[in-house]
Amino acid sequence: MDFNNNSLPYRQTFSENNCFLCGKNILDKYSLEHVFPRWLQRKFDLWNQEINLLNKSSIQYRYLQVPCCQTCNNKYLSKIETIVHNGVNDGFDSFRNIEEPIIFQWIGKIFYSLLYKELTLLFNRSDPSYGNINTDEYVESFNGLHSLLQSSRYPTKFELHFPWSIFIFKLKPFCNNQAFDFSDDSDRGAVKIRMNDIGIIACLMDHGTVKKTLIDWFSCLNERTLHPIQFDELAAIVFYQNSLLGRNPKLVNIVDNNLDEPQLSVCPLPIGGFSLKPIFNSWDMDHYLVIFSNFVNKYGYSYSDLVKGDDFCSFTFEPDGSFHQMITE
């Protein structure tokens, strides 16, 4: 995703001496921001649990921290955390009333700061010569996401439509030790989070195209309560559809510096451009089923379990496309 970054009141940096969000040097006023907020770790007992990183190694959630200036940490991000925290505590019916940009800012911060943290973690802890897990060049490729995250710091007007796709579903909660689940597609900027009865799937940089494409397919899910395995199936669909996007979404970020505080306007450019090429590449069912099996293998299902001759198993949709009821609402 490309942005016009001229005269913007922030910069993307790749140093432990700079705030991951605004880019300011923080040697004098240093603080740390938890990638996964402390309230979330306490609520779902994540402190000593481990999460997998880009290189397939793992680290405990509590060690995932990124440099953050006190203003961004205590003024802007703290406000977002309070809203999301209250929504999660109150459950789905409360959470779904949170403004969508705030949900994007919260999820986007987790995704981006996780990439940022991997800049300082060794790829091979026993052999530092391999370098770190992540590179400046890779994180720099998410400059558009970094620009969108500035909406957490400045009043922002999103012209035409939101430049992301966010799906929120009501779930049947698992038992306490399985009430939280997180996964992402670090290459394409997709995230899945399950928290009790709240399920969120987000494509952070797709220009809103995935939601527009899947809206009819998902229309039978309105107001339904889903089993967690159904939520994972939907995540597989969204992640795969997002991976088929054959465009590099472009946005123009306009800054009004004539006010006491800069104001941002985000304007998406037409995603099709002048090309007649389809916006999405063709759906490959076999490729999708590989992704699907990766999402549901924790329930004991393998690729071979999902393939039934020329058909495939679905936990969510009947053959005619209607909703498959798994639980009593």
# chains A, B, ... in the order shown; residues from 1 in each chain; ligands from 1
$ residues_around --residues "segment 276-285 of chain A" --least-positions-apart "5" --cutoff "6 Å" --atoms "only C-alpha atoms" --output "short mmCIF file (atom, residue, chain, number, x, y, z; two decimals) with C-alpha atoms, in the first residue's frame"
data_model
loop_
_atom_site.label_atom_id
_atom_site.label_comp_id
_atom_site.auth_asym_id
_atom_site.auth_seq_id
_atom_site.Cartn_x
_atom_site.Cartn_y
_atom_site.Cartn_z
CA LEU A 244 -5.72 -13.38 -4.15
CA LEU A 245 -5.77 -9.58 -4.32
CA GLY A 246 -3.86 -8.73 -7.48
#
$ select_by_dssp --residues "segment 211-271 of chain A" --states "strand (DSSP E)" --output "ChimeraX atom specification"
/A:225-226,251-256,263-268
$ closest_atom_pairs --of "segment 134-172 of chain A" --to "segment 270-273 of chain A" --cutoff "12 Å" --atoms "only C-alpha atoms" --output "JSON lines"
{"residue": "A:Leu160", "atom": "CA", "partner": "A:Pro270", "partner_atom": "CA", "distance": 10.5}
{"residue": "A:His161", "atom": "CA", "partner": "A:Pro270", "partner_atom": "CA", "distance": 11.4}
{"residue": "A:Pro163", "atom": "CA", "partner": "A:Ile271", "partner_atom": "CA", "distance": 10.6}
$ write_last_selection --atoms "N, CA and C atoms" --output "PDB file, in the first residue's frame"
ATOM      1  N   LEU A 160     -14.763   8.426   1.083  1.00  0.00           N
ATOM      2  CA  LEU A 160     -15.391   7.377   0.269  1.00  0.00           C
ATOM      3  C   LEU A 160     -15.699   6.118   1.076  1.00  0.00           C
ATOM      4  N   HIS A 161     -14.671   5.455   1.621  1.00  0.00           N
ATOM      5  CA  HIS A 161     -14.905   4.232   2.388  1.00  0.00           C
ATOM      6  C   HIS A 161     -13.660   3.922   3.210  1.00  0.00           C
ATOM      7  N   PRO A 163     -10.401   1.946   4.230  1.00  0.00           N
ATOM      8  CA  PRO A 163      -9.435   1.193   3.404  1.00  0.00           C
ATOM      9  C   PRO A 163      -9.035  -0.149   4.018  1.00  0.00           C
TER      10      PRO A 163
END
$ atom_distance --atom1 "atom CA of Glu81 of chain A" --atom2 "atom CA of Pro37 of chain A"
7.6 Å
$ residues_around --residues "Pro67 of chain A" --least-positions-apart "4" --cutoff "9 Å" --atoms "only C-alpha atoms" --output "MDAnalysis selection string"
chainID A and resid 15:21 26 30:33 117
